[in-house]
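Contents: one structure, followed by commentary.
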Amino acid sequence: MSLDDATVRKIATLARIDVADADLAPLAKELSGIMNWIEQLQEVDTDAVEPMSGGTDMTLSWRKDAVSDGGHADKVLTNAPEAHEGFFGVPKVVE
Amino acid sequence: MTFLIKGETETWEVVIGLEVHAQVISNAKLFSGAPTDFGAEPNSQVSFVDAGMPGMLPVINEVAVEQAVRTGLGLKAQINKRSVFARKNYFYADLPQGYQISQFEIPIVGEGTVILDMPDGTSREVGIERLHLEQDAGKSIHDLHPTKSFIDLNRSGVTLMEIVSKPDMRSPEEAGAYLRKLRSIVRYLGTCDGNMDEGSMRCDANVSVRPTGSTELRTRCEVKNVNSVRFVMQAIEHEARRHVDVYESGGDIQQETRLYDPNKGETRQMRSKEFAHDYRYFPDPDLLPLVFDDDYIERIKATLPELPDEKKERFMSNYDLTAYDAGVLVVEKETSAYYEDVAKGRDPKAAANWVITNLFGALNKKGISISDSPVPASNLGKLIDLISDDTISGRIAKDVFEIMVEEGKDPESIVEEKGLKQITDKGPIEAAIEQVMADNSDKVEEYRGGKDKLIGWFVGQVMKQTGGKANPGMLNELLRKKLSP
């Protein structure tokens, strides 16, 4: 399977990655390589195998419903490019 | 009860499916130990997991799982002993991870049923497609700064149950009844407070139309985040009429997400349409499958309360109430408990009438809930006792009830203080009758001359003469005897 430039552009937009036009063709080639590898994997007969969501045979461990975190708005906002009155400040997004 | 839209060329039927996001009642969030209280200082209830900091790992809250299973059981739904969390990828300022942890292919709860109680006393079933667990997003505030949006992540990571119905509803009324029933069920179960004003229950409506008689499903539009039952019903009606107009003018409906504007009474397209939804779901590599056994489900099942449908059945068979009365009384747990206290050892139908007509009327007028009722169930019960043992008449009882609502006193002391006791002695009633007859000899002649209808007028006059306190049965009997020639 080979991806065209337009598909790579769409994937980049969805992932919010700024890709220069000149990089589209090389990226398309690399991504197509990955797709080809997956296509090759799909040749394996997995009809009798239950789908797995991970590489181990473990299941999820659970946590008690107890409050053990929070109360540190200052730390949460430390790396924010902009903060106002305890809020993150971002460019205006109005629907 | 059918709701049809008459167009220029055809009659149209509406097809509605609802997606409800119900915030789960728990102390901590779905995957972090941060608290969930409403209205806290901005970003004060945020762990680094909720803020999407690199390297943080989600660990599931056992109560979130239990609440989802409990809700599934309340919806008579299939519970999936193995379910899988997936990432739903989208970009938005209040979604710091860049994805929402949700469930996609295998949700924790599968198909179930909700029974709607329609206002005319009939009921009908709506199918549940699924219920899955997911994280809530943060909150964007747009009016605190001229050029910036402010983000509060307190809600980020709070547990939501997304409850998806089948496209089984055919009118705005049914959609309203569905939401009210769902709210009633989650409140009985204690899994969500059902408060639409505070956003702990939110609704998206999927709406399409088709010519009556047709069974096709046409393109639907999703109307987002409508925050009251009334607005959901209005939004559906407006959106359905828009579809009819488009089809009848030769156009076609595009699948899209729309917003309802209650002020203008119209839906409009959302601007984010250019980023056509492409969520690229995949299993979350940070989370293993969620697994539990039958014992776990049975243990939760054993703790379920009596739910509104069963309670309604019981009220109809034990108390001989109509479907409508029983339906009204079971909507809230508190109301049904109040009713049962009043009905205990008394005429259940009289109790239902007092609660539904008089008490609800008084509470509505004051705008308060039954838990703040100035009249406790024990006092309303006593009032009914006073009627049934002939201490007061039904008419006087209404006056006593008014005073109970205003002053919170018990009915016995009100009757005592105001001297409202019913007159059941023959003497005073006869005296009052004789007085009225003496003052109105012309009317007496008319009655005796065949004008039977005057009896009502005489009853009223004698009642007035006794300050409304005469026992109505005795009054009637004695009056007829005296009036007969």
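Every chain in the structure tokens takes a letter, A first, then B, and so on in the order presented; its residues are numbered from 1, and the ligands are numbered from 1 following the presented order.
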
*asked:* Please identify the alpha helix (DSSP H) residues within region 38-130 of chain B (assignment by DSSP from backbone atoms) and present them as a PyMOL selection string.
replied: chain B and resi 62-74

Select, as a CSV table (one decimal) with N, CA and C atoms, in the first residue's frame, those residues of chain A with any atom no more than 12 Å from chain B (distances computed using only C-alpha atoms).
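What landed in iface31.csv:
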chain,number,residue,atom,x,y,z
A,10,LYS,N,-3.3,15.2,5.3
A,10,LYS,CA,-4.4,15.0,6.2
A,10,LYS,C,-4.0,14.4,7.5
A,11,ILE,N,-3.2,13.4,7.5
A,11,ILE,CA,-2.7,12.8,8.8
A,11,ILE,C,-1.9,13.9,9.6
A,13,THR,N,-2.3,17.1,9.5
A,13,THR,CA,-3.3,18.1,10.0
A,13,THR,C,-4.0,17.5,11.3
A,14,LEU,N,-4.5,16.3,11.2
A,14,LEU,CA,-5.2,15.7,12.3
A,14,LEU,C,-4.3,15.6,13.5
A,15,ALA,N,-3.0,15.4,13.3
A,15,ALA,CA,-2.0,15.2,14.4
A,15,ALA,C,-1.5,16.6,14.8
A,16,ARG,N,-1.9,17.7,14.2
A,16,ARG,CA,-1.4,19.0,14.4
A,16,ARG,C,0.1,19.1,14.3
A,17,ILE,N,0.7,18.4,13.3
A,17,ILE,CA,2.1,18.5,13.0
A,17,ILE,C,2.3,19.4,11.8
A,51,PRO,N,-8.3,-11.4,19.7
A,51,PRO,CA,-7.6,-10.2,19.6
A,51,PRO,C,-7.0,-9.8,21.0
A,52,MET,N,-5.8,-9.2,21.0
A,52,MET,CA,-5.3,-8.8,22.3
A,52,MET,C,-5.1,-7.3,22.3
A,53,SER,N,-5.1,-6.7,23.5
A,53,SER,CA,-4.9,-5.3,23.5
A,53,SER,C,-3.6,-5.0,24.1
A,54,GLY,N,-2.7,-6.0,24.3
A,54,GLY,CA,-1.4,-5.7,24.8
A,54,GLY,C,-0.6,-7.0,24.7
A,55,GLY,N,0.7,-6.9,25.1
A,55,GLY,CA,1.6,-8.1,24.9
A,55,GLY,C,1.6,-9.0,26.1
A,56,THR,N,0.9,-8.7,27.2
A,56,THR,CA,0.9,-9.5,28.4
A,56,THR,C,-0.5,-10.1,28.6
A,57,ASP,N,-0.5,-11.1,29.5
A,57,ASP,CA,-1.8,-11.8,29.7
A,57,ASP,C,-2.4,-11.2,31.0
A,58,MET,N,-2.1,-10.0,31.3
A,58,MET,CA,-2.6,-9.4,32.6
A,58,MET,C,-3.9,-8.6,32.3
A,59,THR,N,-4.6,-8.3,33.4
A,59,THR,CA,-5.8,-7.4,33.3
A,59,THR,C,-5.5,-6.2,34.1
A,60,LEU,N,-6.4,-5.3,34.0
A,60,LEU,CA,-6.3,-4.0,34.7
A,60,LEU,C,-6.3,-4.1,36.2
A,61,SER,N,-5.5,-3.4,36.9
A,61,SER,CA,-5.6,-3.4,38.4
A,61,SER,C,-6.4,-2.1,38.8
A,62,TRP,N,-7.1,-2.2,39.9
A,62,TRP,CA,-8.0,-1.1,40.2
A,62,TRP,C,-7.5,-0.3,41.5
A,63,ARG,N,-8.0,0.9,41.5
A,63,ARG,CA,-7.6,1.8,42.6
A,63,ARG,C,-8.8,2.1,43.4
A,64,LYS,N,-8.6,2.3,44.8
A,64,LYS,CA,-9.7,2.7,45.7
A,64,LYS,C,-10.2,4.1,45.2
A,65,ASP,N,-11.5,4.4,45.5
A,65,ASP,CA,-12.1,5.7,45.2
A,65,ASP,C,-11.7,6.7,46.3
A,66,ALA,N,-10.5,7.0,46.4
A,66,ALA,CA,-10.1,7.9,47.5
A,66,ALA,C,-9.3,9.1,46.9
A,67,VAL,N,-9.6,10.3,47.4
A,67,VAL,CA,-8.9,11.5,46.9
A,67,VAL,C,-7.5,11.5,47.4
A,68,SER,N,-6.5,11.5,46.5
A,68,SER,CA,-5.1,11.5,46.9
A,68,SER,C,-4.3,12.5,46.1
A,69,ASP,N,-5.0,13.4,45.4
A,69,ASP,CA,-4.2,14.3,44.5
A,69,ASP,C,-5.0,15.6,44.4
A,70,GLY,N,-4.4,16.6,43.7
A,70,GLY,CA,-5.1,17.9,43.5
A,70,GLY,C,-4.6,18.9,44.5
A,71,GLY,N,-5.1,20.1,44.4
A,71,GLY,CA,-4.7,21.1,45.4
A,71,GLY,C,-3.4,21.8,45.1
A,72,HIS,N,-2.9,21.6,43.8
A,72,HIS,CA,-1.7,22.3,43.4
A,72,HIS,C,-1.8,22.9,42.0
A,73,ALA,N,-2.7,23.8,41.9
A,73,ALA,CA,-2.9,24.5,40.7
A,73,ALA,C,-1.6,25.2,40.2
A,74,ASP,N,-0.8,25.7,41.2
A,74,ASP,CA,0.4,26.4,40.8
A,74,ASP,C,1.3,25.5,40.0
A,75,LYS,N,1.5,24.2,40.5
A,75,LYS,CA,2.4,23.2,39.8
A,75,LYS,C,1.8,22.9,38.4
A,76,VAL,N,0.5,22.7,38.4
A,76,VAL,CA,-0.2,22.3,37.1
A,76,VAL,C,0.1,23.4,36.1
A,77,LEU,N,0.1,24.7,36.5
A,77,LEU,CA,0.2,25.8,35.6
A,77,LEU,C,1.7,26.2,35.3
A,78,THR,N,2.7,25.5,36.0
A,78,THR,CA,4.1,26.0,36.0
A,78,THR,C,4.6,26.1,34.5
A,79,ASN,N,4.3,25.1,33.7
A,79,ASN,CA,4.8,25.1,32.3
A,79,ASN,C,3.9,25.7,31.3
A,80,ALA,N,2.8,26.3,31.8
A,80,ALA,CA,1.9,26.9,30.8
A,80,ALA,C,2.5,28.1,30.2
A,82,GLU,N,1.0,30.5,29.2
A,82,GLU,CA,0.2,31.7,29.6
A,82,GLU,C,-0.8,31.2,30.7
A,83,ALA,N,-0.9,31.9,31.8
A,83,ALA,CA,-1.9,31.6,32.8
A,83,ALA,C,-2.5,32.9,33.4
A,84,HIS,N,-3.8,32.9,33.6
A,84,HIS,CA,-4.5,34.1,34.2
A,84,HIS,C,-5.4,33.6,35.3
A,85,GLU,N,-5.2,34.2,36.5
A,85,GLU,CA,-6.2,33.9,37.6
A,85,GLU,C,-6.4,32.5,37.8
A,86,GLY,N,-5.4,31.6,37.7
A,86,GLY,CA,-5.6,30.2,38.0
A,86,GLY,C,-6.0,29.4,36.8
A,87,PHE,N,-6.3,30.1,35.6
A,87,PHE,CA,-6.7,29.4,34.4
A,87,PHE,C,-5.5,29.3,33.4
A,88,PHE,N,-5.5,28.3,32.5
A,88,PHE,CA,-4.6,28.3,31.4
A,88,PHE,C,-5.2,29.4,30.4
A,89,GLY,N,-4.3,30.2,29.8
A,89,GLY,CA,-4.8,31.1,28.8
A,89,GLY,C,-4.4,30.6,27.4
A,90,VAL,N,-5.4,30.5,26.5
A,90,VAL,CA,-5.1,30.0,25.1
A,90,VAL,C,-5.8,31.0,24.1
A,91,PRO,N,-5.4,30.9,22.8
A,91,PRO,CA,-6.0,31.7,21.8
A,91,PRO,C,-7.5,31.5,21.9
A,92,LYS,N,-8.3,32.6,21.6
A,92,LYS,CA,-9.7,32.4,21.7
A,92,LYS,C,-10.3,31.4,20.8
A,93,VAL,N,-11.0,30.4,21.4
A,93,VAL,CA,-11.7,29.4,20.6
A,93,VAL,C,-13.2,29.5,20.8
A,94,VAL,N,-13.9,30.0,19.9
A,94,VAL,CA,-15.4,30.2,20.1
A,94,VAL,C,-16.1,29.4,19.1
A,95,GLU,N,-17.1,28.6,19.5
A,95,GLU,CA,-17.9,27.8,18.6
A,95,GLU,C,-19.0,28.6,18.1

*Among the residues of region 32-238 of chain B, find those DSSP assigns to strand (DSSP E or B) from the backbone and print them as a PyMOL selection string.*
chain B and resi 35+60-61+79+82-83+85-89+99-103+109+112-117+123-135+139-141+148-152+159-165+169+201-211+221-226

May I have the residues within 9 Å of Pro119 (chain B) as a PDB file with C-alpha atoms, in the first residue's frame, using only C-alpha atoms and disregarding those fewer than 6 positions away in the same chain?
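The resulting selection_30.pdb:
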ATOM      1  CA  GLU B 173     -42.360  14.066  23.884  1.00  0.00           C
ATOM      2  CA  ALA B 177     -39.920  11.070  28.606  1.00  0.00           C
ATOM      3  CA  TYR B 324     -50.583   7.749  35.700  1.00  0.00           C
TER       4      TYR B 324
END

*Can you pull out every residue within 12 Å of Gln23 (chain B), counting only C-alpha atoms, but drop anything in the same chain fewer than 5 positions away, and send it as a PyMOL selection string?*
chain B and resi 29-30+36-38+64+67-68+71+132-137+155-163+183+186-187+190-196+198-203

Selection file, N, CA and C atoms, as a tab-separated table (two decimals), in the first residue's frame:
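Just written: again07.tsv:
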chain	number	residue	atom	x	y	z
B	29	LYS	N	-11.44	10.88	40.45
B	29	LYS	CA	-11.70	10.80	39.01
B	29	LYS	C	-11.52	9.37	38.47
B	30	LEU	N	-11.80	9.20	37.17
B	30	LEU	CA	-11.78	7.87	36.56
B	30	LEU	C	-10.38	7.25	36.61
B	36	THR	N	-13.61	15.44	42.69
B	36	THR	CA	-14.59	15.70	41.62
B	36	THR	C	-15.62	16.77	41.96
B	37	ASP	N	-15.45	17.46	43.11
B	37	ASP	CA	-16.49	18.41	43.54
B	37	ASP	C	-16.74	19.51	42.52
B	38	PHE	N	-18.01	19.91	42.42
B	38	PHE	CA	-18.41	20.94	41.47
B	38	PHE	C	-18.11	22.31	42.06
B	64	ALA	N	-15.82	3.74	39.81
B	64	ALA	CA	-16.30	4.09	38.46
B	64	ALA	C	-16.81	2.82	37.76
B	67	GLN	N	-20.10	1.65	39.44
B	67	GLN	CA	-21.24	2.51	39.09
B	67	GLN	C	-21.74	2.22	37.66
B	68	ALA	N	-20.80	1.94	36.75
B	68	ALA	CA	-21.19	1.63	35.38
B	68	ALA	C	-21.96	0.31	35.33
B	71	THR	N	-25.41	0.83	36.83
B	71	THR	CA	-26.30	1.50	35.88
B	71	THR	C	-26.75	0.53	34.79
B	132	HIS	N	-20.83	3.16	27.81
B	132	HIS	CA	-19.40	3.00	28.03
B	132	HIS	C	-18.84	4.06	28.95
B	133	LEU	N	-17.67	3.74	29.52
B	133	LEU	CA	-16.99	4.66	30.43
B	133	LEU	C	-16.04	5.54	29.64
B	134	GLU	N	-15.93	6.81	30.00
B	134	GLU	CA	-14.94	7.68	29.38
B	134	GLU	C	-14.62	8.86	30.28
B	135	GLN	N	-13.55	9.57	29.92
B	135	GLN	CA	-13.14	10.76	30.67
B	135	GLN	C	-13.89	11.97	30.18
B	136	ASP	N	-14.22	12.87	31.10
B	136	ASP	CA	-14.74	14.16	30.70
B	136	ASP	C	-13.57	15.05	30.29
B	137	ALA	N	-13.86	16.10	29.53
B	137	ALA	CA	-12.84	17.08	29.14
B	137	ALA	C	-12.85	18.23	30.14
B	155	ARG	N	-12.66	19.56	35.61
B	155	ARG	CA	-13.56	18.52	35.14
B	155	ARG	C	-12.83	17.46	34.31
B	156	SER	N	-11.61	17.80	33.89
B	156	SER	CA	-10.83	16.88	33.05
B	156	SER	C	-10.56	15.57	33.78
B	157	GLY	N	-10.99	14.47	33.20
B	157	GLY	CA	-10.74	13.16	33.81
B	157	GLY	C	-11.85	12.66	34.72
B	158	VAL	N	-12.88	13.49	34.96
B	158	VAL	CA	-14.02	13.02	35.75
B	158	VAL	C	-14.73	11.90	34.96
B	159	THR	N	-15.27	10.91	35.66
B	159	THR	CA	-15.88	9.76	34.99
B	159	THR	C	-17.23	10.10	34.36
B	160	LEU	N	-17.38	9.77	33.09
B	160	LEU	CA	-18.66	9.88	32.43
B	160	LEU	C	-19.13	8.50	31.99
B	161	MET	N	-20.46	8.31	32.01
B	161	MET	CA	-21.04	7.16	31.33
B	161	MET	C	-21.71	7.73	30.10
B	162	GLU	N	-21.32	7.27	28.93
B	162	GLU	CA	-22.07	7.68	27.75
B	162	GLU	C	-23.11	6.60	27.49
B	163	ILE	N	-24.38	7.00	27.54
B	163	ILE	CA	-25.47	6.05	27.36
B	163	ILE	C	-26.12	6.33	26.02
B	183	ARG	N	-33.00	9.83	33.98
B	183	ARG	CA	-32.59	10.60	35.15
B	183	ARG	C	-33.13	9.96	36.42
B	186	VAL	N	-31.00	6.71	37.17
B	186	VAL	CA	-29.65	6.92	37.74
B	186	VAL	C	-29.72	7.54	39.13
B	187	ARG	N	-30.77	8.32	39.39
B	187	ARG	CA	-30.91	8.88	40.75
B	187	ARG	C	-31.28	7.80	41.75
B	190	GLY	N	-28.21	5.95	42.43
B	190	GLY	CA	-27.13	6.72	43.07
B	190	GLY	C	-25.87	6.75	42.24
B	191	THR	N	-26.01	6.61	40.90
B	191	THR	CA	-24.81	6.60	40.05
B	191	THR	C	-24.54	7.94	39.41
B	192	CYS	N	-25.57	8.83	39.34
B	192	CYS	CA	-25.40	10.16	38.75
B	192	CYS	C	-26.47	11.04	39.38
B	193	ASP	N	-26.16	12.32	39.65
B	193	ASP	CA	-27.19	13.14	40.30
B	193	ASP	C	-28.21	13.68	39.30
B	194	GLY	N	-27.97	13.46	37.99
B	194	GLY	CA	-28.97	13.80	36.97
B	194	GLY	C	-29.23	15.29	36.82
B	195	ASN	N	-28.32	16.11	37.34
B	195	ASN	CA	-28.55	17.55	37.34
B	195	ASN	C	-28.11	18.19	36.02
B	196	MET	N	-29.08	18.51	35.15
B	196	MET	CA	-28.73	19.04	33.83
B	196	MET	C	-28.22	20.48	33.89
B	198	GLU	N	-26.22	21.84	36.12
B	198	GLU	CA	-24.80	21.85	36.46
B	198	GLU	C	-24.00	21.02	35.47
B	199	GLY	N	-24.66	20.48	34.46
B	199	GLY	CA	-23.95	19.73	33.42
B	199	GLY	C	-23.58	18.32	33.83
B	200	SER	N	-24.13	17.80	34.92
B	200	SER	CA	-23.76	16.43	35.27
B	200	SER	C	-24.57	15.43	34.45
B	201	MET	N	-25.58	15.91	33.71
B	201	MET	CA	-26.21	15.08	32.68
B	201	MET	C	-26.34	15.95	31.44
B	202	ARG	N	-25.76	15.52	30.30
B	202	ARG	CA	-25.80	16.32	29.07
B	202	ARG	C	-26.31	15.44	27.94
B	203	CYS	N	-26.92	16.05	26.96
B	203	CYS	CA	-27.57	15.25	25.94
B	203	CYS	C	-27.24	15.73	24.53

*Write out as number ranges by chain the residues lying within 8 Å of region 425-437 of chain B, counting only C-alpha atoms and excluding same-chain residues fewer than 4 positions away.*
B: 441, 444, 458, 461-462, 465-466, 470, 474-475, 478-479, 482

_as a PyMOL selection string, please: the residues near Asn36 (chain A) (cut-off 12 Å, only C-alpha atoms, same-chain neighbours under 6 positions excluded)._
chain A and resi 1-3+28-30+42-43

*What gap, in Å, lies between CA of Ile106 (chain B) and CA of Tyr281 (chain B)?*
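About the pair CA of Ile106 (chain B) and CA of Tyr281 (chain B): they are 12.2 Å apart.
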